[in-house]
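For reference, the structure discussed in these notes is given below.
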Amino acid sequence: MSGKNIPKIKINPKTLLIDVLYDIIGSVLYGAGMYTFAFSSNFAPGGVSGLAILINHITGGKIPIGLCTIIINIPIILICIRTLGKMFFLRSIKTILISAVIVDYIMPLLPTYTGEPILAAIFGGILAGAGLAFIYMRDSSTGGSDFVILSIRKKNPQLSIGSISLAVDGVIIMLGWIVYGNINAALYGMIMTIGYSLIVDKLMYGIDSRKLLIIVTSNGDNVARRIGEEIERGVTVADGKGAYTGNRKQILFCTCSKAEVFSIKRIAHECDRKAFVMITSVDAAYGEGFKEHDD
């Protein structure tokens with residue numbers, strides 16, 4: 001095989017440095033949630049880290065949590081690498097190694113939480129969710145169930161990461177009941193998993209979430225003009241036809257903030273009492289008037 005047939009992977013030093021910084025911050029937060037709160041309070045959330053905590057408990061601590069996550073990740077990586085792509089795979093390997101080192105060598109040096117398990121579940125979920133969000137923002141993951149979750153989302157982009165995570169992690173949470181012999185362990189694990197799933201979605205999407213209004217009207221030009229003048233939002237207009245009536249209509253697409261929804265809906269109905277208005281959520285909006293496009 002000639003060398004020119006082997007694809008070259010270009011690495012930008014600045015981008016790599018930022019990725020590593022996000023990995024370190026994310027792994028410290030995630031490790032604190034998993035080790036400082038969950039592990040020390042004798043319950044396990046979902047995901048491979050939760051499974052590693054259970055294995056560590058079963059073996060009496062003979063297999064460190066970080067090392068266990070690497071071992072579990074190997075078969076999952078081999079299954080999911082084609083779906084997620086080579087670059088994502090390489091970024092995730094970097095994150096997995098950094099996370100494992102931090103969990104096994106840094107977290108044991110820090111004080112652990114020994115208070116109420118319910119508080120451990122809540123604050124552990126907040127920290128773990130914030131950590132995962134940092135890692136996901138750089139298009140990476142901690143491996144394990146993340147690979148499975150992101151593979152599912154790649155094929156079903158309409159599903160949020162948090163909701164898929166909650167479904168995939170359910171089995172591991174139930175295993176906590178068996179391993180610890182206490183249903184409370186499963187309940188605390190569920191609370192923490194729900195917590196970090198919500199935090200991931202809020203940090204990644206909630207701050208920038210927008211609403212999309214789809215307006216079907218016979219007076220589209222007037223509606224679009226008033227939205228532009230009064231709300232100062234752009235509108236995309238397309239021609240349409242009713243399948244049943246055959247009547248020609250205009251279809252307007254307008255992305256806006258939550259606070260602007262009522263005003264735009266009011267304008268549509270003032271211009272056309274029979275206007276059909278659909279309102280849906282948008283995770284994020286990029287372009288003029290919204291967030292700048294990522295580099």
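Chain identifiers are assigned as A, B, and so on, following the order in which chains appear in the structure tokens; residues are numbered from 1 within each chain, and ligands are numbered from 1 in order of appearance.
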
_Selection near Arg226 in chain A, 12 Å with only C-alpha atoms, sequence-local residues under 3 positions removed, as a PyMOL selection string_ = chain A and resi 219-223+229-235+263-271

Check which residues of range 46-164 of chain A sit at most 8 Å from range 189-202 of chain A using only C-alpha atoms, and return one row each with the closest pair of atoms and their distance in Å to one decimal, ordered by chain and rising number, as a Markdown table.
| residue | atom | partner | partner_atom | distance |
| --- | --- | --- | --- | --- |
| A:Gly46 | CA | A:Thr193 | CA | 6.1 |
| A:Ala121 | CA | A:Met192 | CA | 4.6 |
| A:Ile122 | CA | A:Met192 | CA | 5.7 |
| A:Phe123 | CA | A:Met192 | CA | 7.9 |
| A:Gly124 | CA | A:Met192 | CA | 6.3 |
| A:Gly125 | CA | A:Tyr196 | CA | 4.4 |
| A:Ile126 | CA | A:Tyr196 | CA | 5.6 |
| A:Leu127 | CA | A:Tyr196 | CA | 7.5 |
| A:Ala128 | CA | A:Tyr196 | CA | 5.8 |
| A:Gly129 | CA | A:Tyr196 | CA | 3.8 |
| A:Ala130 | CA | A:Ile199 | CA | 6.4 |
| A:Leu132 | CA | A:Val200 | CA | 6.6 |
| A:Ala133 | CA | A:Val200 | CA | 5.1 |
| A:Ser160 | CA | A:Asp201 | CA | 7.3 |
| A:Ile161 | CA | A:Asp201 | CA | 7.0 |
| A:Gly162 | CA | A:Ser197 | CA | 4.3 |
| A:Ser163 | CA | A:Ser197 | CA | 7.0 |

Save out the residues we just selected, N, CA, C and O atoms, as an mmCIF file, in the first residue's frame.
data_model
loop_
_atom_site.group_PDB
_atom_site.id
_atom_site.type_symbol
_atom_site.label_atom_id
_atom_site.label_comp_id
_atom_site.auth_asym_id
_atom_site.auth_seq_id
_atom_site.Cartn_x
_atom_site.Cartn_y
_atom_site.Cartn_z
ATOM 1 N N GLY A 46 -26.232 5.776 36.156
ATOM 2 C CA GLY A 46 -26.120 5.018 34.915
ATOM 3 C C GLY A 46 -24.779 5.225 34.232
ATOM 4 O O GLY A 46 -23.904 5.929 34.730
ATOM 5 N N ALA A 121 -26.794 12.608 45.591
ATOM 6 C CA ALA A 121 -27.377 12.340 44.277
ATOM 7 C C ALA A 121 -27.650 13.638 43.522
ATOM 8 O O ALA A 121 -27.383 13.743 42.317
ATOM 9 N N ILE A 122 -28.164 14.635 44.235
ATOM 10 C CA ILE A 122 -28.499 15.909 43.589
ATOM 11 C C ILE A 122 -27.248 16.645 43.129
ATOM 12 O O ILE A 122 -27.112 17.023 41.960
ATOM 13 N N PHE A 123 -26.306 16.839 44.059
ATOM 14 C CA PHE A 123 -25.108 17.607 43.710
ATOM 15 C C PHE A 123 -24.158 16.802 42.830
ATOM 16 O O PHE A 123 -23.447 17.366 41.995
ATOM 17 N N GLY A 124 -24.158 15.479 43.001
ATOM 18 C CA GLY A 124 -23.380 14.644 42.090
ATOM 19 C C GLY A 124 -23.891 14.753 40.669
ATOM 20 O O GLY A 124 -23.113 14.806 39.709
ATOM 21 N N GLY A 125 -25.217 14.798 40.522
ATOM 22 C CA GLY A 125 -25.818 14.955 39.192
ATOM 23 C C GLY A 125 -25.486 16.291 38.556
ATOM 24 O O GLY A 125 -25.204 16.376 37.360
ATOM 25 N N ILE A 126 -25.493 17.343 39.364
ATOM 26 C CA ILE A 126 -25.163 18.675 38.847
ATOM 27 C C ILE A 126 -23.718 18.716 38.347
ATOM 28 O O ILE A 126 -23.430 19.192 37.246
ATOM 29 N N LEU A 127 -22.792 18.186 39.151
ATOM 30 C CA LEU A 127 -21.377 18.216 38.773
ATOM 31 C C LEU A 127 -21.103 17.316 37.567
ATOM 32 O O LEU A 127 -20.399 17.718 36.630
ATOM 33 N N ALA A 128 -21.664 16.100 37.600
ATOM 34 C CA ALA A 128 -21.434 15.179 36.484
ATOM 35 C C ALA A 128 -22.018 15.733 35.190
ATOM 36 O O ALA A 128 -21.409 15.626 34.118
ATOM 37 N N GLY A 129 -23.211 16.325 35.265
ATOM 38 C CA GLY A 129 -23.837 16.909 34.074
ATOM 39 C C GLY A 129 -23.037 18.060 33.508
ATOM 40 O O GLY A 129 -22.857 18.177 32.290
ATOM 41 N N ALA A 130 -22.534 18.927 34.393
ATOM 42 C CA ALA A 130 -21.706 20.046 33.936
ATOM 43 C C ALA A 130 -20.434 19.530 33.281
ATOM 44 O O ALA A 130 -19.990 20.053 32.247
ATOM 45 N N LEU A 132 -19.948 16.555 31.775
ATOM 46 C CA LEU A 132 -20.264 15.964 30.475
ATOM 47 C C LEU A 132 -20.540 17.033 29.427
ATOM 48 O O LEU A 132 -20.153 16.897 28.262
ATOM 49 N N ALA A 133 -21.218 18.105 29.831
ATOM 50 C CA ALA A 133 -21.516 19.190 28.886
ATOM 51 C C ALA A 133 -20.223 19.805 28.355
ATOM 52 O O ALA A 133 -20.099 20.083 27.162
ATOM 53 N N SER A 160 -32.939 14.152 22.091
ATOM 54 C CA SER A 160 -31.917 14.863 22.848
ATOM 55 C C SER A 160 -30.978 13.866 23.525
ATOM 56 O O SER A 160 -31.359 12.729 23.811
ATOM 57 N N ILE A 161 -29.756 14.335 23.784
ATOM 58 C CA ILE A 161 -28.772 13.484 24.437
ATOM 59 C C ILE A 161 -29.267 13.045 25.813
ATOM 60 O O ILE A 161 -29.119 11.898 26.215
ATOM 61 N N GLY A 162 -29.883 13.994 26.539
ATOM 62 C CA GLY A 162 -30.346 13.680 27.878
ATOM 63 C C GLY A 162 -31.388 12.581 27.923
ATOM 64 O O GLY A 162 -31.325 11.679 28.762
ATOM 65 N N SER A 163 -32.367 12.635 27.023
ATOM 66 C CA SER A 163 -33.432 11.631 27.034
ATOM 67 C C SER A 163 -32.917 10.249 26.643
ATOM 68 O O SER A 163 -33.323 9.230 27.212
#

*Which polymer residues have any atom within 9 Å of an atom of range 208-218 of chain A, counting only C-alpha atoms, with same-chain residues fewer than 6 positions away left out, as a PyMOL selection string?*
chain A and resi 202+240+247-258+260-261+264-265+268+271-272+274-285+290-291

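Take CA of Gly61 in chain A and CA of Ile149 in chain A: the distance between them is 27.9 Å.
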
*asked:* I'd like the contact shell of range 113-118 of chain A - 7 Å cut-off, only C-alpha atoms, skipping same-chain residues fewer than 4 positions apart - returned as a PyMOL selection string.
replied: chain A and resi 36-37+40-41+122+188

Selected residues written out, C-alpha atoms, as a short mmCIF file (atom, residue, chain, number, x, y, z; two decimals), in the first residue's frame:
data_model
loop_
_atom_site.label_atom_id
_atom_site.label_comp_id
_atom_site.auth_asym_id
_atom_site.auth_seq_id
_atom_site.Cartn_x
_atom_site.Cartn_y
_atom_site.Cartn_z
CA THR A 36 -16.74 12.29 45.57
CA PHE A 37 -20.52 11.96 45.76
CA SER A 40 -18.58 7.58 48.53
CA SER A 41 -22.34 7.38 49.19
CA ILE A 122 -28.50 15.91 43.59
CA TYR A 188 -30.41 7.62 44.39
#

Write out as a CSV table (one decimal) with N, CA and C atoms, in the first residue's frame each polymer residue whose atoms come within 12 Å of Val103 in chain A, counting only C-alpha atoms; drop sequence neighbours fewer than 6 positions from it.
chain,number,residue,atom,x,y,z
A,24,ILE,N,-10.0,18.3,30.8
A,24,ILE,CA,-9.6,18.4,32.2
A,24,ILE,C,-10.7,18.9,33.1
A,26,GLY,N,-13.9,19.2,32.4
A,26,GLY,CA,-15.0,18.3,32.4
A,26,GLY,C,-14.8,17.1,33.2
A,27,SER,N,-13.6,16.5,33.1
A,27,SER,CA,-13.3,15.3,33.8
A,27,SER,C,-13.2,15.5,35.3
A,28,VAL,N,-12.7,16.6,35.7
A,28,VAL,CA,-12.7,17.0,37.2
A,28,VAL,C,-14.1,17.1,37.7
A,29,LEU,N,-15.0,17.8,37.0
A,29,LEU,CA,-16.4,17.9,37.4
A,29,LEU,C,-17.1,16.6,37.4
A,30,TYR,N,-16.9,15.8,36.3
A,30,TYR,CA,-17.6,14.5,36.2
A,30,TYR,C,-17.0,13.6,37.2
A,31,GLY,N,-15.7,13.6,37.4
A,31,GLY,CA,-15.1,12.7,38.4
A,31,GLY,C,-15.6,13.0,39.8
A,32,ALA,N,-15.7,14.3,40.1
A,32,ALA,CA,-16.2,14.7,41.4
A,32,ALA,C,-17.6,14.2,41.7
A,33,GLY,N,-18.5,14.3,40.6
A,33,GLY,CA,-19.8,13.8,40.8
A,33,GLY,C,-19.9,12.3,41.0
A,34,MET,N,-19.0,11.6,40.2
A,34,MET,CA,-19.0,10.1,40.3
A,34,MET,C,-18.3,9.6,41.6
A,35,TYR,N,-17.1,10.1,41.9
A,35,TYR,CA,-16.3,9.6,42.9
A,35,TYR,C,-16.6,10.3,44.3
A,36,THR,N,-16.6,11.6,44.3
A,36,THR,CA,-16.7,12.3,45.6
A,36,THR,C,-18.1,12.1,46.2
A,39,PHE,N,-19.9,7.4,44.5
A,39,PHE,CA,-19.1,6.3,45.0
A,39,PHE,C,-19.0,6.3,46.5
A,49,SER,N,-19.4,4.5,33.8
A,49,SER,CA,-18.8,4.9,35.1
A,49,SER,C,-19.6,4.3,36.2
A,52,ALA,N,-18.7,0.8,36.4
A,52,ALA,CA,-17.3,0.6,36.9
A,52,ALA,C,-17.4,0.7,38.5
A,53,ILE,N,-18.2,1.6,39.0
A,53,ILE,CA,-18.4,1.8,40.4
A,53,ILE,C,-18.9,0.5,41.0
A,64,PRO,N,-9.6,-0.4,40.0
A,64,PRO,CA,-9.9,1.0,40.1
A,64,PRO,C,-11.0,1.4,39.1
A,65,ILE,N,-11.8,2.4,39.5
A,65,ILE,CA,-12.9,2.8,38.6
A,65,ILE,C,-12.4,3.3,37.3
A,66,GLY,N,-11.4,4.1,37.2
A,66,GLY,CA,-10.9,4.6,35.9
A,66,GLY,C,-10.4,3.5,35.0
A,67,LEU,N,-9.6,2.6,35.6
A,67,LEU,CA,-9.1,1.5,34.8
A,67,LEU,C,-10.3,0.6,34.3
A,68,CYS,N,-11.3,0.4,35.1
A,68,CYS,CA,-12.4,-0.4,34.7
A,68,CYS,C,-13.2,0.2,33.6
A,69,THR,N,-13.3,1.5,33.6
A,69,THR,CA,-14.0,2.2,32.5
A,69,THR,C,-13.3,2.0,31.1
A,70,ILE,N,-11.9,2.0,31.2
A,70,ILE,CA,-11.2,1.7,30.0
A,70,ILE,C,-11.4,0.3,29.5
A,96,ILE,N,-11.2,9.8,27.4
A,96,ILE,CA,-11.3,8.6,28.3
A,96,ILE,C,-10.1,8.5,29.1
A,97,LEU,N,-8.9,8.6,28.5
A,97,LEU,CA,-7.6,8.5,29.3
A,97,LEU,C,-7.5,9.6,30.3
A,109,LEU,N,-7.5,11.9,46.3
A,109,LEU,CA,-6.7,12.8,47.1
A,109,LEU,C,-7.6,13.9,47.7
A,110,LEU,N,-8.8,14.0,47.2
A,110,LEU,CA,-9.7,15.1,47.6
A,110,LEU,C,-10.7,14.5,48.7
A,142,THR,N,-16.9,10.6,27.1
A,142,THR,CA,-16.2,9.8,28.0
A,142,THR,C,-16.3,8.3,27.7

*asked:* Among range 4-249 of chain A, which residues does DSSP mark as helix (DSSP H, G or I) when it is run on the backbone? Keep the chain and numbering as in the structure and answer as number ranges by chain.
replied: A: 4-5, 13-41, 47-58, 65-84, 86-109, 117-137, 145-155, 161-180, 183-204, 206-208, 220-231

_Taking 6 positions as the minimum chain separation for residues in the same chain, which residues sit within 10 Å of Asp19 in chain A when counting only C-alpha atoms? Answer as a list in words._
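Counting only C-alpha atoms, the residues come to Pro13, Arg91, Lys94, Thr95, Phe134, Ile135, Met137, Arg138, Asp139 and Ser140 of chain A.
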
Write out, as a JSON list (two decimals), in the first residue's frame, the residues just selected, with all heavy atoms.
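Full text of result-v6.json as output:
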[["chain", "number", "residue", "atom", "x", "y", "z"],
["A", 13, "PRO", "N", -2.63, 22.66, 16.86],
["A", 13, "PRO", "CA", -2.15, 22.72, 18.25],
["A", 13, "PRO", "C", -3.07, 23.54, 19.16],
["A", 13, "PRO", "O", -3.31, 23.17, 20.31],
["A", 13, "PRO", "CB", -0.77, 23.36, 18.12],
["A", 13, "PRO", "CG", -0.33, 23.04, 16.73],
["A", 13, "PRO", "CD", -1.59, 23.08, 15.91],
["A", 91, "ARG", "N", -10.70, 11.72, 19.50],
["A", 91, "ARG", "CA", -10.95, 12.71, 20.55],
["A", 91, "ARG", "C", -11.45, 12.03, 21.82],
["A", 91, "ARG", "O", -11.07, 12.41, 22.94],
["A", 91, "ARG", "CB", -11.97, 13.74, 20.06],
["A", 91, "ARG", "CG", -11.40, 14.81, 19.13],
["A", 91, "ARG", "CD", -12.36, 15.95, 18.94],
["A", 91, "ARG", "NE", -13.55, 15.51, 18.23],
["A", 91, "ARG", "CZ", -13.71, 15.61, 16.91],
["A", 91, "ARG", "NH1", -12.74, 16.10, 16.17],
["A", 91, "ARG", "NH2", -14.82, 15.19, 16.33],
["A", 94, "LYS", "N", -8.75, 10.25, 23.86],
["A", 94, "LYS", "CA", -8.02, 11.25, 24.65],
["A", 94, "LYS", "C", -8.80, 11.58, 25.92],
["A", 94, "LYS", "O", -8.23, 11.61, 27.03],
["A", 94, "LYS", "CB", -7.80, 12.50, 23.80],
["A", 94, "LYS", "CG", -7.35, 13.73, 24.56],
["A", 94, "LYS", "CD", -7.16, 14.90, 23.64],
["A", 94, "LYS", "CE", -8.37, 15.22, 22.81],
["A", 94, "LYS", "NZ", -9.54, 15.65, 23.61],
["A", 95, "THR", "N", -10.09, 11.81, 25.78],
["A", 95, "THR", "CA", -10.94, 12.16, 26.92],
["A", 95, "THR", "C", -11.04, 11.01, 27.92],
["A", 95, "THR", "O", -10.98, 11.22, 29.13],
["A", 95, "THR", "CB", -12.34, 12.55, 26.44],
["A", 95, "THR", "OG1", -12.25, 13.62, 25.50],
["A", 95, "THR", "CG2", -13.21, 13.00, 27.61],
["A", 134, "PHE", "N", -19.25, 20.03, 29.24],
["A", 134, "PHE", "CA", -17.95, 20.56, 28.81],
["A", 134, "PHE", "C", -17.32, 19.64, 27.77],
["A", 134, "PHE", "O", -16.77, 20.09, 26.76],
["A", 134, "PHE", "CB", -17.01, 20.68, 30.02],
["A", 134, "PHE", "CG", -16.97, 22.05, 30.62],
["A", 134, "PHE", "CD1", -17.83, 22.39, 31.65],
["A", 134, "PHE", "CD2", -16.08, 23.00, 30.16],
["A", 134, "PHE", "CE1", -17.80, 23.65, 32.21],
["A", 134, "PHE", "CE2", -16.03, 24.27, 30.72],
["A", 134, "PHE", "CZ", -16.91, 24.60, 31.75],
["A", 135, "ILE", "N", -17.40, 18.34, 28.02],
["A", 135, "ILE", "CA", -16.78, 17.37, 27.11],
["A", 135, "ILE", "C", -17.53, 17.29, 25.79],
["A", 135, "ILE", "O", -16.93, 17.28, 24.71],
["A", 135, "ILE", "CB", -16.73, 15.99, 27.80],
["A", 135, "ILE", "CG1", -15.71, 16.03, 28.95],
["A", 135, "ILE", "CG2", -16.35, 14.89, 26.80],
["A", 135, "ILE", "CD1", -15.78, 14.85, 29.89],
["A", 137, "MET", "N", -19.26, 19.59, 24.39],
["A", 137, "MET", "CA", -19.12, 20.84, 23.65],
["A", 137, "MET", "C", -17.93, 20.81, 22.70],
["A", 137, "MET", "O", -17.89, 21.55, 21.72],
["A", 137, "MET", "CB", -18.97, 22.02, 24.62],
["A", 137, "MET", "CG", -20.25, 22.44, 25.30],
["A", 137, "MET", "SD", -19.94, 23.72, 26.56],
["A", 137, "MET", "CE", -21.55, 23.85, 27.32],
["A", 138, "ARG", "N", -16.94, 19.97, 22.99],
["A", 138, "ARG", "CA", -15.77, 19.84, 22.12],
["A", 138, "ARG", "C", -15.88, 18.60, 21.23],
["A", 138, "ARG", "O", -14.89, 18.10, 20.73],
["A", 138, "ARG", "CB", -14.48, 19.78, 22.95],
["A", 138, "ARG", "CG", -14.24, 21.02, 23.79],
["A", 138, "ARG", "CD", -14.21, 22.28, 22.99],
["A", 138, "ARG", "NE", -13.12, 22.33, 22.02],
["A", 138, "ARG", "CZ", -12.90, 23.33, 21.18],
["A", 138, "ARG", "NH1", -13.73, 24.36, 21.16],
["A", 138, "ARG", "NH2", -11.89, 23.29, 20.34],
["A", 139, "ASP", "N", -17.11, 18.14, 21.04],
["A", 139, "ASP", "CA", -17.37, 17.00, 20.17],
["A", 139, "ASP", "C", -16.58, 15.76, 20.58],
["A", 139, "ASP", "O", -15.97, 15.08, 19.77],
["A", 139, "ASP", "CB", -17.05, 17.35, 18.71],
["A", 139, "ASP", "CG", -17.68, 16.36, 17.73],
["A", 139, "ASP", "OD1", -18.65, 15.67, 18.12],
["A", 139, "ASP", "OD2", -17.19, 16.25, 16.59],
["A", 140, "SER", "N", -16.59, 15.50, 21.89],
["A", 140, "SER", "CA", -15.92, 14.33, 22.41],
["A", 140, "SER", "C", -16.86, 13.63, 23.38],
["A", 140, "SER", "O", -18.02, 14.01, 23.52],
["A", 140, "SER", "CB", -14.61, 14.73, 23.12],
["A", 140, "SER", "OG", -13.87, 13.59, 23.51]]

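Interatomic distance, CA of Gly181 in chain A to CA of Ala120 in chain A: 18.8 Å.
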